[in-house]
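So this block is structure_33.tsv, TSV, C-alpha atoms:
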chain	number	residue	atom	x	y	z
A	173	MET	CA	-14.92	-34.29	-12.04
A	174	ASN	CA	-17.76	-34.34	-9.51
A	175	HIS	CA	-17.04	-31.91	-6.69
A	176	ALA	CA	-19.52	-33.78	-4.47
A	177	SER	CA	-17.04	-36.67	-4.27
A	178	ARG	CA	-14.43	-34.62	-2.42
A	179	PRO	CA	-14.49	-32.20	0.52
A	180	ALA	CA	-15.21	-28.60	-0.42
A	181	ARG	CA	-11.97	-26.64	-0.37
A	182	ARG	CA	-11.79	-23.68	1.95
A	183	VAL	CA	-10.99	-20.50	0.04
A	184	LEU	CA	-10.38	-17.00	1.39
A	185	ILE	CA	-10.92	-14.13	-1.06
A	186	SER	CA	-9.52	-10.72	-0.14
A	187	GLY	CA	-11.62	-7.91	-1.62
A	188	ALA	CA	-15.36	-7.39	-2.16
A	189	SER	CA	-15.44	-4.98	-5.10
A	190	ILE	CA	-15.82	-6.68	-8.51
A	191	ALA	CA	-13.36	-9.56	-8.94
A	192	GLY	CA	-13.84	-10.83	-5.37
A	193	PRO	CA	-17.63	-11.34	-5.41
A	194	ALA	CA	-17.43	-12.68	-8.98
A	195	LEU	CA	-14.91	-15.28	-7.79
A	196	ALA	CA	-17.12	-16.06	-4.81
A	197	HIS	CA	-20.13	-16.59	-7.10
A	198	TRP	CA	-18.42	-19.18	-9.24
A	199	LEU	CA	-16.54	-20.96	-6.44
A	200	ASP	CA	-19.75	-21.24	-4.41
A	201	ARG	CA	-21.52	-22.63	-7.46
A	202	TYR	CA	-18.78	-25.24	-7.80
A	203	GLY	CA	-19.07	-26.35	-4.19
A	204	PHE	CA	-16.19	-24.54	-2.51
A	205	GLU	CA	-16.43	-23.16	1.03
A	206	VAL	CA	-15.87	-19.44	0.48
A	207	THR	CA	-15.01	-16.57	2.83
A	208	VAL	CA	-14.62	-12.99	1.58
A	209	VAL	CA	-12.79	-10.42	3.70
A	210	GLU	CA	-13.22	-6.71	2.98
A	211	LYS	CA	-11.61	-3.80	4.82
A	212	ALA	CA	-14.61	-1.51	4.18
A	213	SER	CA	-17.70	-1.74	6.38
A	214	ALA	CA	-19.96	-2.72	3.47
A	215	VAL	CA	-19.98	-3.16	-0.29
A	216	ARG	CA	-19.29	0.29	-1.68
A	217	GLY	CA	-22.16	1.98	-3.49
A	218	GLY	CA	-22.13	4.79	-6.02
A	219	GLY	CA	-19.08	5.45	-8.09
A	220	TYR	CA	-18.56	6.25	-11.73
A	221	ALA	CA	-19.94	4.03	-14.46
A	222	VAL	CA	-18.02	1.00	-15.72
A	223	ASP	CA	-18.47	-0.90	-18.95
A	224	ILE	CA	-19.29	-4.58	-19.43
A	225	ARG	CA	-18.78	-5.71	-22.99
A	226	GLY	CA	-17.60	-8.55	-25.15
A	227	THR	CA	-16.60	-11.68	-23.27
A	228	ALA	CA	-17.51	-10.11	-19.92
A	229	ARG	CA	-21.09	-9.68	-21.04
A	230	GLU	CA	-21.22	-13.41	-21.68
A	231	VAL	CA	-19.88	-14.01	-18.16
A	232	VAL	CA	-22.60	-11.92	-16.46
A	233	GLY	CA	-25.12	-13.66	-18.69
A	234	ARG	CA	-23.98	-17.03	-17.35
A	235	MET	CA	-24.28	-15.59	-13.84
A	236	GLY	CA	-27.94	-14.72	-14.47
A	237	LEU	CA	-27.31	-11.01	-13.92
A	238	LEU	CA	-28.30	-9.59	-17.31
A	239	PRO	CA	-31.86	-8.55	-16.33
A	240	ARG	CA	-30.66	-6.61	-13.28
A	241	LEU	CA	-27.75	-5.01	-15.10
A	242	ARG	CA	-29.97	-3.99	-18.02
A	243	GLU	CA	-32.18	-2.17	-15.51
A	244	ALA	CA	-29.08	-0.43	-14.07
A	245	HIS	CA	-27.74	0.54	-17.52
A	246	VAL	CA	-27.06	4.29	-17.52
A	247	ASP	CA	-27.17	4.65	-21.31
A	248	THR	CA	-24.58	7.32	-22.09
A	249	GLN	CA	-25.60	8.59	-25.52
A	250	ARG	CA	-22.73	10.81	-26.54
A	251	ILE	CA	-19.31	12.15	-25.64
A	252	THR	CA	-18.90	15.83	-26.51
A	253	PHE	CA	-15.58	17.62	-26.91
A	254	VAL	CA	-14.93	21.32	-26.39
A	255	ASP	CA	-11.84	23.36	-27.19
A	256	ALA	CA	-9.64	25.42	-24.88
A	257	ALA	CA	-12.20	28.25	-24.86
A	258	GLY	CA	-15.07	25.88	-24.11
A	259	GLU	CA	-16.52	26.05	-27.64
A	260	LEU	CA	-18.03	22.95	-29.20
A	261	VAL	CA	-15.69	20.85	-31.36
A	262	GLY	CA	-17.81	17.76	-32.02
A	263	SER	CA	-19.39	14.66	-30.54
A	264	LEU	CA	-19.03	10.91	-30.78
A	265	GLU	CA	-21.22	8.02	-29.76
A	266	PRO	CA	-19.52	6.03	-26.97
A	267	GLU	CA	-19.26	2.94	-29.18
A	268	GLN	CA	-17.30	4.91	-31.77
A	269	MET	CA	-14.61	5.48	-29.17
A	270	THR	CA	-14.58	2.13	-27.42
A	271	GLY	CA	-15.28	-0.26	-30.25
A	272	GLY	CA	-18.26	-1.52	-28.29
A	273	GLU	CA	-21.55	-2.69	-29.71
A	274	ALA	CA	-24.60	-0.43	-29.39
A	275	GLY	CA	-27.50	-2.21	-27.73
A	276	LEU	CA	-25.27	-4.94	-26.32
A	277	ASP	CA	-22.70	-3.21	-24.14
A	278	LEU	CA	-23.72	-2.50	-20.57
A	279	GLU	CA	-22.69	0.63	-18.67
A	280	VAL	CA	-23.53	0.59	-14.98
A	281	ARG	CA	-22.45	2.47	-11.90
A	282	ARG	CA	-19.63	0.62	-10.21
A	283	GLY	CA	-21.68	0.38	-7.01
A	284	ASP	CA	-24.64	-1.12	-8.88
A	285	LEU	CA	-22.41	-3.81	-10.36
A	286	ALA	CA	-20.87	-4.54	-6.95
A	287	ASP	CA	-24.32	-4.82	-5.36
A	288	ALA	CA	-25.61	-7.04	-8.17
A	289	LEU	CA	-22.70	-9.40	-7.52
A	290	TYR	CA	-22.99	-9.29	-3.72
A	291	THR	CA	-26.74	-9.49	-3.08
A	292	PRO	CA	-27.30	-13.08	-4.33
A	293	LEU	CA	-24.26	-14.22	-2.32
A	294	ARG	CA	-24.78	-12.61	1.07
A	295	ASP	CA	-26.75	-15.54	2.49
A	296	ARG	CA	-24.56	-18.22	0.87
A	297	VAL	CA	-21.02	-16.97	1.36
A	298	GLU	CA	-19.30	-15.72	4.52
A	299	PHE	CA	-18.41	-12.02	4.30
A	300	LEU	CA	-16.09	-10.45	6.87
A	301	PHE	CA	-16.42	-6.67	6.65
A	302	ASP	CA	-14.30	-4.16	8.58
A	303	ASP	CA	-11.38	-6.57	8.49
A	304	SER	CA	-8.30	-7.37	6.46
A	305	ILE	CA	-5.47	-9.88	6.24
A	306	ALA	CA	-2.62	-8.99	8.60
A	307	THR	CA	-0.32	-11.96	7.93
A	308	LEU	CA	-0.23	-15.04	5.70
A	309	ASP	CA	1.71	-18.22	6.40
A	310	ASP	CA	1.65	-20.70	3.51
A	311	ASP	CA	3.19	-23.92	4.88
A	312	GLY	CA	2.61	-25.88	1.69
A	313	ASP	CA	-0.40	-27.76	3.03
A	314	ALA	CA	-2.59	-24.78	3.97
A	315	VAL	CA	-2.51	-21.03	4.46
A	316	HIS	CA	-2.68	-19.79	8.04
A	317	VAL	CA	-4.16	-16.29	8.20
A	318	VAL	CA	-4.19	-13.75	10.98
A	319	PHE	CA	-6.68	-10.94	10.42
A	320	ASP	CA	-6.35	-7.36	11.62
A	321	SER	CA	-9.15	-8.16	14.09
A	322	GLY	CA	-6.91	-10.76	15.70
A	323	THR	CA	-8.93	-13.72	14.40
A	324	ARG	CA	-6.87	-16.70	13.22
A	325	ARG	CA	-8.15	-18.97	10.45
A	326	THR	CA	-6.75	-21.65	8.15
A	327	PHE	CA	-7.66	-21.94	4.46
A	328	ASP	CA	-6.64	-24.22	1.64
A	329	LEU	CA	-6.24	-21.29	-0.76
A	330	VAL	CA	-6.09	-17.49	-0.60
A	331	LEU	CA	-7.10	-15.39	-3.62
A	332	GLY	CA	-6.17	-11.71	-3.68
A	333	ALA	CA	-8.81	-9.63	-5.45
A	334	ASP	CA	-8.02	-6.42	-3.59
A	335	GLY	CA	-7.24	-4.05	-6.41
A	336	LEU	CA	-4.40	-2.15	-8.02
A	337	HIS	CA	-2.64	-1.50	-4.69
A	338	SER	CA	-3.25	-5.06	-3.46
A	339	HIS	CA	-2.29	-5.77	0.14
A	340	THR	CA	-2.36	-9.52	-0.57
A	341	ARG	CA	0.14	-9.06	-3.39
A	342	ARG	CA	2.43	-7.09	-1.13
A	343	LEU	CA	2.32	-9.78	1.57
A	344	VAL	CA	3.14	-12.60	-0.83
A	345	PHE	CA	5.13	-11.05	-3.68
A	346	GLY	CA	6.70	-8.04	-1.98
A	347	PRO	CA	6.48	-4.29	-2.72
A	348	GLU	CA	4.32	-3.01	-5.56
A	349	GLU	CA	7.05	-1.07	-7.35
A	350	PRO	CA	8.52	-3.90	-9.50
A	351	PHE	CA	5.07	-4.70	-10.89
A	352	HIS	CA	3.75	-1.16	-11.24
A	353	ARG	CA	3.82	0.55	-14.63
A	354	TYR	CA	3.04	4.26	-14.48
A	355	LEU	CA	1.36	5.53	-17.65
A	356	GLY	CA	2.25	9.18	-17.07
A	357	HIS	CA	-1.15	10.53	-16.00
A	358	VAL	CA	-2.47	11.78	-12.66
A	359	PHE	CA	-6.19	12.11	-12.04
A	360	ALA	CA	-8.67	13.39	-9.51
A	361	GLY	CA	-12.27	12.19	-9.52
A	362	PHE	CA	-15.18	13.53	-7.43
A	363	THR	CA	-18.90	14.20	-7.50
A	364	MET	CA	-20.53	17.60	-7.74
A	365	PRO	CA	-24.02	19.12	-8.14
A	366	ASN	CA	-25.45	18.84	-11.64
A	367	GLU	CA	-26.18	22.54	-12.08
A	368	SER	CA	-26.27	22.37	-15.88
A	369	GLY	CA	-28.89	19.64	-16.29
A	370	LEU	CA	-26.43	17.40	-18.16
A	371	ALA	CA	-27.82	13.89	-18.78
A	372	HIS	CA	-26.53	10.71	-20.41
A	373	GLU	CA	-23.48	12.56	-21.67
A	374	GLY	CA	-19.85	13.24	-20.99
A	375	VAL	CA	-18.23	16.56	-21.96
A	376	ILE	CA	-14.44	16.76	-22.29
A	377	TRP	CA	-12.25	19.88	-22.32
A	378	ASN	CA	-8.67	19.44	-23.45
A	379	GLU	CA	-5.39	21.20	-23.68
A	380	PRO	CA	-2.26	19.16	-24.48
A	381	GLY	CA	-1.65	16.80	-21.60
A	382	ARG	CA	-4.72	17.96	-19.65
A	383	SER	CA	-8.35	16.89	-19.60
A	384	ALA	CA	-11.35	18.11	-17.64
A	385	VAL	CA	-14.51	16.04	-17.77
A	386	LEU	CA	-18.12	16.51	-16.72
A	387	TYR	CA	-20.06	13.25	-16.82
A	388	ALA	CA	-23.73	12.81	-15.88
A	389	HIS	CA	-26.26	10.00	-15.88
A	390	GLU	CA	-29.53	11.63	-14.78
A	391	PRO	CA	-30.11	15.39	-14.38
A	392	SER	CA	-31.46	14.82	-10.87
A	393	GLU	CA	-28.28	13.09	-9.67
A	394	LEU	CA	-24.85	14.31	-8.73
A	395	MET	CA	-22.53	14.31	-11.72
A	396	HIS	CA	-18.91	13.24	-11.86
A	397	GLY	CA	-15.97	15.54	-12.39
A	398	PHE	CA	-12.54	14.39	-13.49
A	399	LEU	CA	-9.34	16.41	-13.78
A	400	THR	CA	-6.49	14.55	-15.45
A	401	PHE	CA	-3.01	15.67	-16.44
A	402	THR	CA	0.30	14.25	-17.56
A	403	GLN	CA	3.27	14.32	-15.25
A	404	GLU	CA	6.61	12.62	-15.88
A	405	THR	CA	7.45	12.01	-12.24
A	406	LEU	CA	5.26	10.26	-9.71
A	407	PRO	CA	3.63	12.69	-7.23
A	408	PHE	CA	4.93	10.89	-4.15
A	409	ALA	CA	4.39	13.87	-1.84
A	410	ALA	CA	0.67	13.89	-2.61
A	411	PHE	CA	-0.18	10.20	-2.20
A	412	ARG	CA	-1.06	10.39	1.49
A	413	ASP	CA	-1.66	14.13	1.81
A	414	PRO	CA	-5.13	15.30	0.68
A	415	LYS	CA	-4.08	18.94	0.97
A	416	ALA	CA	-1.11	18.35	-1.34
A	417	GLN	CA	-3.36	16.51	-3.79
A	418	ARG	CA	-5.76	19.41	-4.03
A	419	GLU	CA	-2.93	21.92	-4.40
A	420	LEU	CA	-1.29	19.88	-7.16
A	421	VAL	CA	-4.51	19.56	-9.16
A	422	THR	CA	-5.48	23.21	-8.67
A	423	ALA	CA	-2.11	24.40	-9.97
A	424	ARG	CA	-2.57	22.45	-13.20
A	425	PHE	CA	-5.95	24.01	-14.07
A	426	PRO	CA	-5.59	27.80	-13.63
A	427	GLU	CA	-7.74	28.87	-16.60
A	428	ARG	CA	-10.93	30.83	-15.98
A	429	VAL	CA	-12.77	29.30	-18.94
A	430	TRP	CA	-15.61	26.86	-19.52
A	431	HIS	CA	-16.48	25.01	-16.27
A	432	LEU	CA	-12.90	24.78	-15.05
A	433	PRO	CA	-13.30	27.15	-12.09
A	434	ARG	CA	-16.39	25.24	-10.90
A	435	LEU	CA	-14.62	21.88	-11.35
A	436	VAL	CA	-11.65	23.04	-9.32
A	437	GLU	CA	-13.94	24.48	-6.65
A	438	ALA	CA	-15.90	21.22	-6.47
A	439	MET	CA	-12.65	19.24	-6.24
A	440	LEU	CA	-11.49	21.40	-3.33
A	441	GLU	CA	-14.80	20.90	-1.51
A	442	ALA	CA	-15.37	17.22	-2.30
A	443	ASP	CA	-15.63	14.73	0.53
A	444	ASP	CA	-15.26	11.84	-1.95
A	445	LEU	CA	-12.11	12.93	-3.78
A	446	PHE	CA	-10.35	9.99	-5.41
A	447	PHE	CA	-6.78	10.91	-6.32
A	448	ASP	CA	-4.44	8.45	-7.99
A	449	ILE	CA	-2.11	7.86	-10.88
A	450	VAL	CA	-3.01	6.06	-14.10
A	451	SER	CA	-1.09	2.82	-14.02
A	452	GLN	CA	-1.10	-0.87	-14.71
A	453	ILE	CA	0.15	-4.01	-13.01
A	454	HIS	CA	2.44	-6.36	-14.94
A	455	MET	CA	3.61	-9.51	-13.16
A	456	PRO	CA	5.64	-12.50	-14.42
A	457	THR	CA	3.29	-14.83	-12.53
A	458	TRP	CA	-0.01	-14.39	-10.74
A	459	SER	CA	0.41	-17.15	-8.18
A	460	ARG	CA	2.82	-18.40	-5.56
A	461	GLY	CA	2.19	-21.56	-3.59
A	462	ARG	CA	-1.40	-21.58	-2.42
A	463	VAL	CA	-2.01	-17.89	-3.14
A	464	ALA	CA	-3.17	-16.41	-6.46
A	465	LEU	CA	-4.20	-12.95	-7.61
A	466	ALA	CA	-7.20	-11.89	-9.68
A	467	GLY	CA	-8.57	-8.70	-11.22
A	468	ASP	CA	-6.59	-5.48	-10.85
A	469	ALA	CA	-4.33	-7.10	-8.26
A	470	ALA	CA	-2.95	-9.33	-11.02
A	471	HIS	CA	-3.35	-7.34	-14.23
A	472	ALA	CA	-4.80	-3.85	-13.76
A	473	THR	CA	-5.51	-2.39	-17.19
A	474	SER	CA	-6.13	1.25	-16.06
A	475	PHE	CA	-9.22	3.31	-16.80
A	476	LEU	CA	-7.66	4.43	-20.10
A	477	SER	CA	-8.42	0.94	-21.42
A	478	GLY	CA	-12.08	1.07	-20.39
A	479	GLN	CA	-11.79	-2.64	-19.62
A	480	GLY	CA	-10.84	-2.99	-15.96
A	481	SER	CA	-14.14	-4.39	-14.73
A	482	SER	CA	-14.71	-6.52	-17.81
A	483	VAL	CA	-11.29	-8.17	-17.58
A	484	SER	CA	-11.81	-8.72	-13.84
A	485	LEU	CA	-15.13	-10.48	-14.45
A	486	VAL	CA	-13.59	-12.73	-17.10
A	487	GLY	CA	-10.56	-13.52	-14.95
A	488	ALA	CA	-12.74	-14.49	-12.00
A	489	TYR	CA	-14.72	-16.85	-14.22
A	490	VAL	CA	-11.58	-18.51	-15.55
A	491	LEU	CA	-9.79	-18.81	-12.19
A	492	ALA	CA	-12.80	-20.36	-10.47
A	493	GLY	CA	-13.41	-22.70	-13.38
A	494	GLU	CA	-9.83	-23.95	-13.46
A	495	LEU	CA	-9.87	-24.52	-9.69
A	496	ALA	CA	-13.09	-26.51	-10.07
A	497	THR	CA	-11.73	-28.73	-12.83
A	498	HIS	CA	-8.23	-29.42	-11.47
A	499	ALA	CA	-7.56	-31.48	-8.36
A	500	ASP	CA	-4.21	-29.75	-7.88
A	501	HIS	CA	-4.25	-26.03	-7.20
A	502	GLY	CA	-0.88	-25.54	-8.90
A	503	ASP	CA	-2.20	-27.03	-12.13
A	504	ALA	CA	-5.30	-24.84	-11.83
A	505	PHE	CA	-3.27	-21.67	-11.35
A	506	ALA	CA	-1.06	-22.53	-14.35
A	507	ALA	CA	-4.11	-23.15	-16.56
A	508	TYR	CA	-5.66	-19.89	-15.38
A	509	GLU	CA	-2.60	-17.94	-16.45
A	510	ARG	CA	-2.30	-19.71	-19.81
A	511	THR	CA	-5.90	-18.82	-20.60
A	512	MET	CA	-6.12	-15.32	-19.16
A	513	ARG	CA	-2.72	-13.74	-19.74
A	514	PRO	CA	-3.07	-13.13	-23.52
A	515	PHE	CA	-6.55	-11.65	-23.00
A	516	ALA	CA	-5.41	-9.42	-20.12
A	517	GLU	CA	-2.34	-8.20	-22.00
A	518	ARG	CA	-4.32	-7.41	-25.14
A	519	ASN	CA	-6.72	-5.30	-23.10
A	520	GLN	CA	-3.87	-3.60	-21.25
A	521	ALA	CA	-2.50	-2.59	-24.66
A	522	LEU	CA	-5.67	-0.58	-25.32
A	523	ALA	CA	-4.39	1.96	-22.77
A	524	THR	CA	-0.86	2.17	-24.15
A	525	GLY	CA	-1.39	1.98	-27.89
A	526	GLY	CA	-2.73	5.50	-28.36
A	527	GLY	CA	-5.50	7.01	-26.31
A	528	THR	CA	-5.18	10.37	-28.02
A	529	VAL	CA	-8.93	10.87	-28.61
A	530	VAL	CA	-9.61	11.51	-24.91
A	531	THR	CA	-6.10	12.34	-23.69
A	532	PRO	CA	-4.06	14.01	-26.46
A	533	THR	CA	-0.65	14.83	-25.01
A	534	THR	CA	0.76	17.13	-27.70
A	535	ARG	CA	-0.54	20.12	-29.63
A	536	GLU	CA	-0.25	18.11	-32.86
A	537	GLU	CA	-2.37	15.26	-31.48
A	538	LEU	CA	-4.97	17.67	-30.14
A	539	ASP	CA	-5.24	19.63	-33.40
A	540	ALA	CA	-5.53	16.42	-35.42
A	541	ARG	CA	-8.23	15.09	-33.13
A	542	ASN	CA	-10.24	18.30	-33.27
A	543	ALA	CA	-9.97	18.43	-37.06
A	544	MET	CA	-11.32	14.88	-37.21
A	545	LEU	CA	-14.20	15.68	-34.84
A	546	ARG	CA	-15.26	18.70	-36.91
A	547	ASP	CA	-15.84	16.39	-39.89
A	548	PRO	CA	-18.44	13.78	-38.86
A	549	ARG	CA	-17.69	11.55	-41.84
A	550	ALA	CA	-13.97	11.60	-41.12
A	551	ALA	CA	-14.64	10.90	-37.46
A	552	THR	CA	-16.76	7.87	-38.29
A	553	GLU	CA	-14.15	6.49	-40.67
A	554	ALA	CA	-11.26	7.16	-38.29
A	555	MET	CA	-12.98	5.50	-35.36
A	556	ALA	CA	-13.94	2.49	-37.45
A	557	THR	CA	-10.41	1.85	-38.63
A	558	ALA	CA	-8.29	2.88	-35.65
A	559	GLY	CA	-8.37	2.06	-31.94
A	560	ALA	CA	-12.05	1.17	-31.87
A	561	ALA	CA	-11.48	-1.77	-34.20
A	562	GLU	CA	-8.72	-3.13	-31.98
A	563	GLY	CA	-10.89	-2.50	-28.96
A	564	ARG	CA	-13.70	-4.59	-30.41
A	565	ALA	CA	-11.29	-7.45	-31.04
A	566	ALA	CA	-9.74	-7.20	-27.58
A	567	HIS	CA	-13.09	-7.08	-25.77
A	568	SER	CA	-14.17	-10.40	-27.28
A	569	GLY	CA	-10.72	-11.95	-27.54
A	570	LEU	CA	-11.38	-14.96	-25.32
A	571	ALA	CA	-13.74	-17.85	-25.99
A	572	LEU	CA	-15.16	-19.04	-22.65
A	573	THR	CA	-14.80	-22.66	-21.62
A	574	ASP	CA	-17.98	-24.19	-20.21
A	575	TYR	CA	-16.49	-25.36	-16.91
A	576	SER	CA	-19.83	-26.54	-15.55
A	577	ALA	CA	-19.83	-29.34	-18.09
A	578	ALA	CA	-16.59	-30.71	-16.64
A	579	VAL	CA	-17.30	-30.25	-12.95
Structure encoded using structure tokens:
Amino acid sequence: MNHASRPARRVLISGASIAGPALAHWLDRYGFEVTVVEKASAVRGGGYAVDIRGTAREVVGRMGLLPRLREAHVDTQRITFVDAAGELVGSLEPEQMTGGEAGLDLEVRRGDLADALYTPLRDRVEFLFDDSIATLDDDGDAVHVVFDSGTRRTFDLVLGADGLHSHTRRLVFGPEEPFHRYLGHVFAGFTMPNESGLAHEGVIWNEPGRSAVLYAHEPSELMHGFLTFTQETLPFAAFRDPKAQRELVTARFPERVWHLPRLVEAMLEADDLFFDIVSQIHMPTWSRGRVALAGDAAHATSFLSGQGSSVSLVGAYVLAGELATHADHGDAFAAYERTMRPFAERNQALATGGGTVVTPTTREELDARNAMLRDPRAATEAMATAGAAEGRAAHSGLALTDYSAAV
């Protein structure tokens, strides 16, 4: 199908993090008229590192982004584990844990990936920053949008790529609760001074159901702190109350050992505290009428899977490709789901099928993990035959269609 023979379809994408700009890249390449709306004032910089591996690496290769992302690669070389007293237990290479491939996987700061996606597009695609969708009216022939700014626009399609707590999803499909699957963990992430000179390494302290992490790229940069703990009930009181968030996290890490006091202090002082629950999104369908969802809005995998950004990149590629090769948007959305749903679900399962290496929840799991780590040969064998093997299969579990050949 030659897109030059038909008018370019007008598409609004909500969200300018990862899935949104990736969608914009491919839709622009296929001749669509693309607008991206983002509630923030600019593409967000910084952030913790995210992984690009397997099928997603092939996607960024087809986008021409590999040279830039190789330059931005932060090259974490090991993950070190300490016991309750802060004494060394053992270390693993990142690929042993993830099932990734050394020398091929990319690990880049989230902000660097977002900027790599945005920069080539900023002069080709319309970006509306400091704005958001207020209302959507899908009349069957078009979607009439009113923005928070008061602007009114009409689009042929609206694609929600606005994250786990998607506003687009809420407008079209209703409240988040029916689609939200809580995985039983609460976390707080923040940056802090790198006073220890840590570089290219993550260090993890554990007690059953609790993890404290120091993670650094370069010794001259701020490092990341994470405090994670299990909790059966959702911390509703803390969701919109920063003071309650800090009090909840502080109460769960009272020990005066290792770097815990400094982590708690940094969390209390942080102006970039990110507090949330570890959860996924599971939906029976990702589209309704002329609106479809992509990335975390459709199928959040959670950070326990290590695959959120990768799955978002792949989903954006597939959704744009199916829209380009189907005249009817309904057929395109159906093909997108048929292709992507098995891949997304397999990667979601990485977060729910174990996860005890980083987040052991019982004393038995923690003792077994530490015993494995103290025996390097056992650790290598265990990682090769357990979750890492499934991870490797999940990461590359989708063969990409070459949509450009059919457009």
One decimal place gives the atom CA of Ser189 of chain A-atom CA of Ala286 of chain A separation as 5.8 Å
Residue contacts of Thr473 of chain A (6 Å, all atoms listed in the file) excluding same-chain residues fewer than 2 positions away, as a ChimeraX atom specification | /A:452,480,520
Could you check which of A:Tyr489, A:Thr402, A:Arg462, A:Gly397 is closest to Pro433 of chain A, using all atoms listed in the file?
->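 Ranking A:Tyr489, A:Thr402, A:Arg462, A:Gly397 by distance to Pro433 of chain A, first place goes to A:Gly397.
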Residues within 10 Å of (-8.9, -6.2, -25.7), file coordinates, counting all atoms listed in the file: what are they? Give the list as a short mmCIF file (atom, residue, chain, number, x, y, z; two decimals) with C-alpha atoms, in the coordinates of the input.
data_model
loop_
_atom_site.label_atom_id
_atom_site.label_comp_id
_atom_site.auth_asym_id
_atom_site.auth_seq_id
_atom_site.Cartn_x
_atom_site.Cartn_y
_atom_site.Cartn_z
CA GLY A 226 -17.60 -8.55 -25.15
CA THR A 227 -16.60 -11.68 -23.27
CA GLY A 271 -15.28 -0.26 -30.25
CA THR A 473 -5.51 -2.39 -17.19
CA SER A 477 -8.42 0.94 -21.42
CA GLY A 478 -12.08 1.07 -20.39
CA GLN A 479 -11.79 -2.64 -19.62
CA SER A 482 -14.71 -6.52 -17.81
CA VAL A 483 -11.29 -8.17 -17.58
CA PRO A 514 -3.07 -13.13 -23.52
CA PHE A 515 -6.55 -11.65 -23.00
CA ALA A 516 -5.41 -9.42 -20.12
CA GLU A 517 -2.34 -8.20 -22.00
CA ARG A 518 -4.32 -7.41 -25.14
CA ASN A 519 -6.72 -5.30 -23.10
CA GLN A 520 -3.87 -3.60 -21.25
CA ALA A 521 -2.50 -2.59 -24.66
CA LEU A 522 -5.67 -0.58 -25.32
CA ALA A 523 -4.39 1.96 -22.77
CA ALA A 561 -11.48 -1.77 -34.20
CA GLU A 562 -8.72 -3.13 -31.98
CA GLY A 563 -10.89 -2.50 -28.96
CA ARG A 564 -13.70 -4.59 -30.41
CA ALA A 565 -11.29 -7.45 -31.04
CA ALA A 566 -9.74 -7.20 -27.58
CA HIS A 567 -13.09 -7.08 -25.77
CA SER A 568 -14.17 -10.40 -27.28
CA GLY A 569 -10.72 -11.95 -27.54
CA LEU A 570 -11.38 -14.96 -25.32
#
Once you count all atoms listed in the file, what closest atom pair and distance in Å to one decimal does each residue of segment 443-555 of chain A within 7 Å of segment 359-372 of chain A have, with rows by chain and rising residue number, as JSON lines?
{"residue": "A:Asp444", "atom": "CA", "partner": "A:Phe362", "partner_atom": "CA", "distance": 5.7}
{"residue": "A:Leu445", "atom": "CA", "partner": "A:Phe362", "partner_atom": "CA", "distance": 4.8}
{"residue": "A:Phe446", "atom": "CA", "partner": "A:Gly361", "partner_atom": "CA", "distance": 5.0}
{"residue": "A:Phe447", "atom": "CA", "partner": "A:Ala360", "partner_atom": "CA", "distance": 4.5}
{"residue": "A:Asp448", "atom": "CA", "partner": "A:Phe359", "partner_atom": "CA", "distance": 5.7}
{"residue": "A:Ile449", "atom": "CA", "partner": "A:Phe359", "partner_atom": "CA", "distance": 6.0}
Have a look at A:Arg342, A:Arg296, A:Arg424, A:Arg225 and name the one nearest to Gly203 of chain A; count all atoms listed in the file.
->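 Of A:Arg342, A:Arg296, A:Arg424, A:Arg225, the one nearest Gly203 of chain A is A:Arg296, counting all atoms listed in the file.
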Taking all atoms of segment 526-543 of chain A that appear in the file, build a box with edges along x, y and z, extend it by 5 Å on every side, and state its centre and edge lengths in Å to one decimal, as JSON.
{"center_x": -4.7, "center_y": 12.8, "center_z": -30.4, "size_x": 21.0, "size_y": 24.6, "size_z": 23.4}
Quick one: residues within 9 Å of Leu420 of chain A, all atoms listed in the file counted, chain neighbours fewer than 5 positions away excluded, as a PyMOL selection string?
-> chain A and resi 407+410+415
If we count all atoms listed in the file, what is near Ile376 of chain A at a cut-off of 8 Å, once residues fewer than 3 positions away on the same chain are taken out, given as a PyMOL selection string?
-> chain A and resi 251-254+383-386+530
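Taking atom CA of Ser459 of chain A and atom CA of Met235 of chain A as endpoints, the distance between them is 25.4 Å.
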What's the 6 Å shell around Glu210 of chain A, counting only C-alpha atoms, without same-chain residues fewer than 6 positions away, as a PyMOL selection string?
-> chain A and resi 187-188+301+303
Between A:Phe398, A:Leu485, A:His357, A:Thr533, which one has atoms that come closest to Leu289 of chain A, using all atoms listed in the file?
->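 Comparing A:Phe398, A:Leu485, A:His357, A:Thr533 against Leu289 of chain A, the winner is A:Leu485.
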